[in-house]
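Right, one structure below, let's go through it.
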Amino acid sequence: MASCYACGKKKTTGNNVSHANNKTKRQVLPNLQRTRIQTEAGVKRAYVCTRCLRSGTVTKVV
């Protein structure tokens, strides 16, 4: 599984908890998009989470 190029966000694990308090494992996946971004070394394709794209942490190349 890929992680965010900018912030390093990756999948996390937790529990699904039913009404009867049964617990089963689950995964929470980040919303990663494979986009072309501007880096110090030039233009690069990388997986970036939508939070970083929206906040302007990463500049997207058109």
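In the structure tokens, chains take letters A, B, ... by order of appearance, with residues numbered from 1 within each chain and ligands from 1 in the order shown.
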DSSP on the backbone: what in chain A comes out strand (DSSP E or B), as a ChimeraX atom specification? /A:12-17,23-28,32-39,42-49,60
Hey, what's within 10 Å of segment 46-60 of chain A if we count only C-alpha atoms and toss same-chain stuff fewer than 5 positions away? As a PyMOL selection string, please? chain A and resi 2-10+30-39
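Atom CA of Lys11 of chain A is found 6.6 Å from atom CA of Gln27 of chain A.
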Any chance you could list, as a VMD selection string, the residues in chain A that come up alpha helix (DSSP H) when DSSP is run on the backbone? chain A and resid 50 to 55
Polymer residues at most 7 Å from Lys25 of chain A, only C-alpha atoms, same-chain spacing of 5 or more positions, as a PyMOL selection string: chain A and resi 14-16
Keeping N, CA and C atoms for every residue in the selection just given, could you write it to a file as a tab-separated table (two decimals), in the first residue's frame?
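Final output, part08.tsv:
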```tsv
chain	number	residue	atom	x	y	z
A	14	GLY	N	-8.05	-0.49	13.07
A	14	GLY	CA	-8.90	-0.27	14.23
A	14	GLY	C	-9.89	-1.41	14.34
A	15	ASN	N	-10.98	-1.17	15.02
A	15	ASN	CA	-12.00	-2.19	15.22
A	15	ASN	C	-13.35	-1.71	14.72
A	16	ASN	N	-14.09	-2.64	14.09
A	16	ASN	CA	-15.52	-2.45	13.90
A	16	ASN	C	-16.17	-2.95	15.18
```
Coordinates-based distance that separates atom CA of Met1 of chain A from atom CA of Thr24 of chain A (Å, one decimal): 21.0 Å
